[in-house]
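Have a look at upload27.pdb below; it lists PDB, C-alpha atoms.
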```
ATOM      1  CA  MET A   1     -36.042 -26.309-329.780  1.00  0.00           C
ATOM      2  CA  ARG A   2     -37.423 -29.584-330.967  1.00  0.00           C
ATOM      3  CA  ALA A   3     -36.290 -31.395-327.780  1.00  0.00           C
ATOM      4  CA  GLY A   4     -38.259 -28.916-325.638  1.00  0.00           C
ATOM      5  CA  TRP A   5     -41.338 -29.610-327.657  1.00  0.00           C
ATOM      6  CA  ILE A   6     -40.997 -33.345-326.992  1.00  0.00           C
ATOM      7  CA  VAL A   7     -40.636 -32.751-323.237  1.00  0.00           C
ATOM      8  CA  VAL A   8     -43.790 -30.643-323.164  1.00  0.00           C
ATOM      9  CA  MET A   9     -45.709 -33.263-325.155  1.00  0.00           C
ATOM     10  CA  ALA A  10     -44.397 -36.081-322.951  1.00  0.00           C
ATOM     11  CA  GLY A  11     -45.510 -34.179-319.851  1.00  0.00           C
ATOM     12  CA  ALA A  12     -48.963 -33.631-321.309  1.00  0.00           C
ATOM     13  CA  LEU A  13     -49.324 -37.306-322.150  1.00  0.00           C
ATOM     14  CA  ALA A  14     -48.147 -38.323-318.682  1.00  0.00           C
ATOM     15  CA  ALA A  15     -50.885 -36.252-317.024  1.00  0.00           C
ATOM     16  CA  PRO A  16     -53.866 -38.335-316.025  1.00  0.00           C
ATOM     17  CA  LEU A  17     -56.658 -38.196-318.563  1.00  0.00           C
ATOM     18  CA  THR A  18     -60.098 -37.989-317.062  1.00  0.00           C
ATOM     19  CA  ALA A  19     -63.198 -38.126-319.157  1.00  0.00           C
ATOM     20  CA  GLN A  20     -65.549 -35.436-318.000  1.00  0.00           C
ATOM     21  CA  ALA A  21     -68.903 -35.099-319.654  1.00  0.00           C
ATOM     22  CA  ALA A  22     -69.928 -31.568-320.410  1.00  0.00           C
ATOM     23  CA  PRO A  23     -72.609 -30.518-317.950  1.00  0.00           C
ATOM     24  CA  LYS A  24     -76.064 -30.777-319.445  1.00  0.00           C
ATOM     25  CA  ALA A  25     -78.220 -27.701-319.381  1.00  0.00           C
ATOM     26  CA  VAL A  26     -81.149 -28.332-317.084  1.00  0.00           C
ATOM     27  CA  LYS A  27     -84.084 -26.078-317.771  1.00  0.00           C
ATOM     28  CA  ASN A  28     -85.296 -24.462-314.612  1.00  0.00           C
ATOM     29  CA  ALA A  29     -89.084 -24.414-314.335  1.00  0.00           C
ATOM     30  CA  ALA A  30     -88.900 -20.803-313.162  1.00  0.00           C
ATOM     31  CA  GLN A  31     -87.357 -19.883-316.511  1.00  0.00           C
ATOM     32  CA  ASP A  32     -90.570 -20.723-318.346  1.00  0.00           C
ATOM     33  CA  MET A  33     -93.365 -20.234-315.804  1.00  0.00           C
ATOM     34  CA  MET A  34     -93.388 -20.142-312.025  1.00  0.00           C
ATOM     35  CA  ASP A  35     -95.632 -22.661-310.249  1.00  0.00           C
ATOM     36  CA  GLY A  36     -98.456 -21.206-308.183  1.00  0.00           C
ATOM     37  CA  ARG A  37    -101.563 -19.061-308.536  1.00  0.00           C
ATOM     38  CA  TRP A  38    -101.236 -16.380-311.203  1.00  0.00           C
ATOM     39  CA  ARG A  39    -103.602 -13.380-311.302  1.00  0.00           C
ATOM     40  CA  GLY A  40    -105.080 -12.202-314.527  1.00  0.00           C
ATOM     41  CA  TRP A  41    -107.753 -10.759-316.740  1.00  0.00           C
ATOM     42  CA  LEU A  42    -109.824 -11.774-319.746  1.00  0.00           C
ATOM     43  CA  GLN A  43    -111.589  -9.357-322.057  1.00  0.00           C
ATOM     44  CA  GLN A  44    -113.650  -9.807-325.189  1.00  0.00           C
ATOM     45  CA  PRO A  45    -114.023  -6.877-327.590  1.00  0.00           C
ATOM     46  CA  ASP A  46    -116.638  -4.333-326.451  1.00  0.00           C
ATOM     47  CA  GLN A  47    -117.048  -6.003-323.032  1.00  0.00           C
ATOM     48  CA  ASP A  48    -115.782  -5.370-319.520  1.00  0.00           C
ATOM     49  CA  SER A  49    -112.692  -7.265-318.391  1.00  0.00           C
ATOM     50  CA  ILE A  50    -113.145 -10.259-316.107  1.00  0.00           C
ATOM     51  CA  ARG A  51    -110.815 -11.010-313.186  1.00  0.00           C
ATOM     52  CA  VAL A  52    -109.551 -14.615-313.255  1.00  0.00           C
ATOM     53  CA  SER A  53    -106.823 -16.747-311.720  1.00  0.00           C
ATOM     54  CA  TYR A  54    -104.584 -19.384-313.242  1.00  0.00           C
ATOM     55  CA  ASP A  55    -103.135 -22.290-311.278  1.00  0.00           C
ATOM     56  CA  VAL A  56     -99.813 -23.231-312.887  1.00  0.00           C
ATOM     57  CA  GLN A  57     -97.991 -26.455-312.083  1.00  0.00           C
ATOM     58  CA  HIS A  58     -95.111 -28.316-313.710  1.00  0.00           C
ATOM     59  CA  VAL A  59     -95.721 -32.063-313.953  1.00  0.00           C
ATOM     60  CA  GLY A  60     -92.707 -33.763-315.475  1.00  0.00           C
ATOM     61  CA  LYS A  61     -92.028 -31.965-318.757  1.00  0.00           C
ATOM     62  CA  HIS A  62     -95.552 -30.566-318.950  1.00  0.00           C
ATOM     63  CA  ILE A  63     -97.029 -27.268-317.804  1.00  0.00           C
ATOM     64  CA  VAL A  64    -100.547 -27.670-316.409  1.00  0.00           C
ATOM     65  CA  ILE A  65    -102.667 -24.492-316.355  1.00  0.00           C
ATOM     66  CA  THR A  66    -106.171 -24.327-314.865  1.00  0.00           C
ATOM     67  CA  LEU A  67    -108.130 -21.107-315.308  1.00  0.00           C
ATOM     68  CA  THR A  68    -110.703 -20.225-312.632  1.00  0.00           C
ATOM     69  CA  GLY A  69    -113.344 -17.612-313.401  1.00  0.00           C
ATOM     70  CA  ARG A  70    -115.118 -15.322-310.964  1.00  0.00           C
ATOM     71  CA  SER A  71    -118.081 -17.707-310.686  1.00  0.00           C
ATOM     72  CA  GLY A  72    -115.768 -20.600-309.791  1.00  0.00           C
ATOM     73  CA  VAL A  73    -115.953 -22.295-313.192  1.00  0.00           C
ATOM     74  CA  THR A  74    -112.655 -23.936-314.167  1.00  0.00           C
ATOM     75  CA  TYR A  75    -111.047 -24.707-317.507  1.00  0.00           C
ATOM     76  CA  ASP A  76    -107.970 -26.841-318.107  1.00  0.00           C
ATOM     77  CA  MET A  77    -105.630 -25.565-320.790  1.00  0.00           C
ATOM     78  CA  ALA A  78    -104.108 -28.173-323.104  1.00  0.00           C
ATOM     79  CA  GLY A  79    -100.612 -28.394-324.531  1.00  0.00           C
ATOM     80  CA  ALA A  80     -99.162 -25.397-322.660  1.00  0.00           C
ATOM     81  CA  LYS A  81     -95.618 -24.560-323.784  1.00  0.00           C
ATOM     82  CA  VAL A  82     -93.218 -21.669-323.342  1.00  0.00           C
ATOM     83  CA  LYS A  83     -90.670 -21.088-326.075  1.00  0.00           C
ATOM     84  CA  ASN A  84     -88.672 -17.886-326.599  1.00  0.00           C
ATOM     85  CA  ASP A  85     -90.842 -16.049-324.039  1.00  0.00           C
ATOM     86  CA  VAL A  86     -94.066 -17.004-325.834  1.00  0.00           C
ATOM     87  CA  LEU A  87     -96.708 -19.075-324.023  1.00  0.00           C
ATOM     88  CA  THR A  88     -99.079 -21.086-326.221  1.00  0.00           C
ATOM     89  CA  PHE A  89    -101.942 -23.413-325.328  1.00  0.00           C
ATOM     90  CA  ASP A  90    -105.376 -24.603-326.439  1.00  0.00           C
ATOM     91  CA  TRP A  91    -108.492 -23.799-324.419  1.00  0.00           C
ATOM     92  CA  ASN A  92    -111.585 -25.979-324.763  1.00  0.00           C
ATOM     93  CA  THR A  93    -114.340 -23.481-323.911  1.00  0.00           C
ATOM     94  CA  GLY A  94    -117.252 -25.836-324.520  1.00  0.00           C
ATOM     95  CA  PRO A  95    -118.856 -28.121-327.069  1.00  0.00           C
ATOM     96  CA  ALA A  96    -117.260 -27.575-330.476  1.00  0.00           C
ATOM     97  CA  SER A  97    -115.409 -24.466-329.298  1.00  0.00           C
ATOM     98  CA  PHE A  98    -111.630 -24.296-329.001  1.00  0.00           C
ATOM     99  CA  LEU A  99    -109.421 -21.250-328.573  1.00  0.00           C
ATOM    100  CA  TYR A 100    -105.761 -21.085-329.513  1.00  0.00           C
ATOM    101  CA  CYS A 101    -103.945 -18.735-327.130  1.00  0.00           C
ATOM    102  CA  ARG A 102    -100.597 -17.053-327.782  1.00  0.00           C
ATOM    103  CA  LEU A 103     -99.233 -14.786-325.044  1.00  0.00           C
ATOM    104  CA  SER A 104     -95.879 -12.998-325.050  1.00  0.00           C
ATOM    105  CA  ARG A 105     -93.816 -12.215-321.976  1.00  0.00           C
ATOM    106  CA  ARG A 106     -93.961  -8.435-321.789  1.00  0.00           C
ATOM    107  CA  ASP A 107     -91.898  -7.404-318.762  1.00  0.00           C
ATOM    108  CA  GLY A 108     -89.797 -10.445-318.025  1.00  0.00           C
ATOM    109  CA  MET A 109     -92.637 -11.955-315.966  1.00  0.00           C
ATOM    110  CA  THR A 110     -96.189 -11.178-317.122  1.00  0.00           C
ATOM    111  CA  PHE A 111     -97.722 -12.865-320.160  1.00  0.00           C
ATOM    112  CA  GLU A 112    -100.170 -10.956-322.348  1.00  0.00           C
ATOM    113  CA  GLY A 113    -101.779 -11.810-325.653  1.00  0.00           C
ATOM    114  CA  ILE A 114    -104.821 -13.014-327.516  1.00  0.00           C
ATOM    115  CA  CYS A 115    -106.898 -16.141-327.888  1.00  0.00           C
ATOM    116  CA  ASN A 116    -108.627 -16.860-331.189  1.00  0.00           C
ATOM    117  CA  ASP A 117    -111.332 -19.331-332.064  1.00  0.00           C
ATOM    118  CA  ARG A 118    -110.180 -22.543-333.767  1.00  0.00           C
ATOM    119  CA  SER A 119    -113.775 -23.417-334.646  1.00  0.00           C
ATOM    120  CA  PRO A 120    -116.914 -21.409-335.432  1.00  0.00           C
ATOM    121  CA  GLY A 121    -118.723 -22.647-332.312  1.00  0.00           C
ATOM    122  CA  GLU A 122    -122.498 -22.906-332.047  1.00  0.00           C
ATOM    123  CA  THR A 123    -123.164 -19.354-333.248  1.00  0.00           C
ATOM    124  CA  GLY A 124    -120.899 -19.522-336.280  1.00  0.00           C
ATOM    125  CA  SER A 125    -119.005 -16.417-335.176  1.00  0.00           C
ATOM    126  CA  GLY A 126    -115.481 -16.653-333.857  1.00  0.00           C
ATOM    127  CA  ILE A 127    -114.488 -15.831-330.306  1.00  0.00           C
ATOM    128  CA  HIS A 128    -111.549 -13.484-329.809  1.00  0.00           C
ATOM    129  CA  LEU A 129    -110.302 -12.301-326.450  1.00  0.00           C
ATOM    130  CA  TRP A 130    -107.381 -10.612-324.733  1.00  0.00           C
ATOM    131  CA  MET A 131    -105.708 -12.387-321.814  1.00  0.00           C
ATOM    132  CA  MET A 132    -103.134 -11.372-319.204  1.00  0.00           C
ATOM    133  CA  MET A 133    -101.318 -13.536-316.635  1.00  0.00           C
ATOM    134  CA  THR A 134     -99.278 -12.036-313.759  1.00  0.00           C
ATOM    135  CA  PRO A 135     -97.085 -14.421-311.719  1.00  0.00           C
ATOM    136  CA  PRO A 136     -97.440 -15.008-307.977  1.00  0.00           C
ATOM    137  CA  GLY A 137     -95.843 -12.433-305.711  1.00  0.00           C
ATOM    138  CA  THR A 138     -96.000  -9.528-308.150  1.00  0.00           C
TER     139      THR A 138
END
```

Would you give me this structure, written as structure tokens?
Amino acid sequence: MRAGWIVVMAGALAAPLTAQAAPKAVKNAAQDMMDGRWRGWLQQPDQDSIRVSYDVQHVGKHIVITLTGRSGVTYDMAGAKVKNDVLTFDWNTGPASFLYCRLSRRDGMTFEGICNDRSPGETGSGIHLWMMMTPPGT
């Protein structure tokens, strides 16, 4: 019995040893957010919703989101990240006014959530709004 064990071990040692690195997981951009023009809505409490679009682009490790309103005004979102199906970013809406946005993926594709004021703004009252983002082709 012991001799058989030695033969098996000798055969295993005689086999060529090749060092293979474990494949690294490469995050696919489509897993967090698809590039392209997303459709969406904004709505403040007690107001009508506003149709908007979001241009999403991956640049290196960063997600760049530009919101375009119905009048053509654009806003660049800062620090956009997707983690565990939650999209977060900061939105500079004007002088001394910043919104922190947190949107959850609700159907495997669409993001929906709220943006809250990080500063009191010029009026001293906080801004709160609902936001939805639907990916291209849906």

Inset, instruction - Measuring atom to atom with only C-alpha atoms, identify which of A:Gly72, A:Pro136, A:Pro45, A:Pro95 is nearest to A:Cys115. - result: A:Pro45

As a check of understanding, name the residues that the PyMOL selection byres ((chain A and resi 127-134) around 9) selects in the supplied structure, as a compact mmCIF listing (two decimals) with C-alpha atoms, keeping the file's coordinate frame.
```
# COMPACT_ATOMS: atom_id res chain seq x y z
CA TRP A 38 -101.24 -16.38 -311.20
CA ARG A 39 -103.60 -13.38 -311.30
CA GLY A 40 -105.08 -12.20 -314.53
CA TRP A 41 -107.75 -10.76 -316.74
CA LEU A 42 -109.82 -11.77 -319.75
CA GLN A 43 -111.59 -9.36 -322.06
CA GLN A 44 -113.65 -9.81 -325.19
CA PRO A 45 -114.02 -6.88 -327.59
CA SER A 49 -112.69 -7.26 -318.39
CA VAL A 52 -109.55 -14.62 -313.26
CA SER A 53 -106.82 -16.75 -311.72
CA TYR A 54 -104.58 -19.38 -313.24
CA SER A 97 -115.41 -24.47 -329.30
CA LEU A 99 -109.42 -21.25 -328.57
CA CYS A 101 -103.94 -18.74 -327.13
CA LEU A 103 -99.23 -14.79 -325.04
CA MET A 109 -92.64 -11.96 -315.97
CA THR A 110 -96.19 -11.18 -317.12
CA PHE A 111 -97.72 -12.86 -320.16
CA GLU A 112 -100.17 -10.96 -322.35
CA GLY A 113 -101.78 -11.81 -325.65
CA ILE A 114 -104.82 -13.01 -327.52
CA CYS A 115 -106.90 -16.14 -327.89
CA ASN A 116 -108.63 -16.86 -331.19
CA ASP A 117 -111.33 -19.33 -332.06
CA ARG A 118 -110.18 -22.54 -333.77
CA SER A 119 -113.78 -23.42 -334.65
CA PRO A 120 -116.91 -21.41 -335.43
CA GLY A 121 -118.72 -22.65 -332.31
CA SER A 125 -119.00 -16.42 -335.18
CA GLY A 126 -115.48 -16.65 -333.86
CA PRO A 135 -97.08 -14.42 -311.72
CA PRO A 136 -97.44 -15.01 -307.98
CA GLY A 137 -95.84 -12.43 -305.71
CA THR A 138 -96.00 -9.53 -308.15
```

Inset, instruction - Take atom CA of A:Val86 and atom CA of A:Ser71 and report the distance between them in Å, one decimal. - result: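 So the two atoms, atom CA of A:Val86 and atom CA of A:Ser71, lie 28.4 Å apart.
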
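By chain and then residue number, the residues within 9 Å of A:Ala78 are Ile63, Val64, Ile65, Phe89, Asp90, Trp91 and Asn92 of chain A, counting all atoms listed in the file and disregarding those fewer than 4 positions away in sequence.
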
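As for atom CA of A:Asp46 and atom CA of A:Thr74, they are spaced 23.5 Å apart.
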
Legend entry - Between atom CA of A:Thr88 and atom CA of A:Val56 - distance in Å to one decimal: 13.5 Å

Inset, instruction - Compare A:Ile50, A:Arg37, A:His62, A:Arg70 by their minimum atom-to-atom distance to A:Val82, counting only C-alpha atoms, and give me the closest one. - result: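 When distances to A:Val82 are compared using only C-alpha atoms, the smallest one comes from A:His62.
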
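Minimum atom-to-atom distance to A:Gly36, evaluated using all atoms listed in the file, belongs to A:His58 out of A:His58, A:Arg102, A:Arg51, A:Lys81.
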
Inset, instruction - Write out as a list in words which residues come within 6 Å of A:Thr66 when counting all atoms listed in the file, dropping same-chain ones fewer than 2 positions away. - result: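 Contacts, with the query itself left out: Tyr54, Asp55, Tyr75 and Asp76 of chain A.
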
Inset, instruction - May I ask which of the residues A:Leu67, A:Met34, A:Ser104, A:Ala96 is the closest one to A:Lys83, counting all atoms listed in the file? - result: A:Ser104

Could you work out an axis-aligned bounding box for all listed atoms of stretch 57-61 of chain A, with 5 Å added on each of the six sides, and give its centre and edge lengths in Å to one decimal, as AutoDock Vina command-line options?
```
--center_x -95.0 --center_y -30.1 --center_z -315.4 --size_x 16.0 --size_y 17.3 --size_z 16.7
```

Legend entry - Proximity to A:Phe98 - best of A:Gly69, A:Asp48, A:Met77, A:Asp32, all atoms listed in the file: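 Residue with the minimum atom-to-atom distance to A:Phe98: A:Met77.
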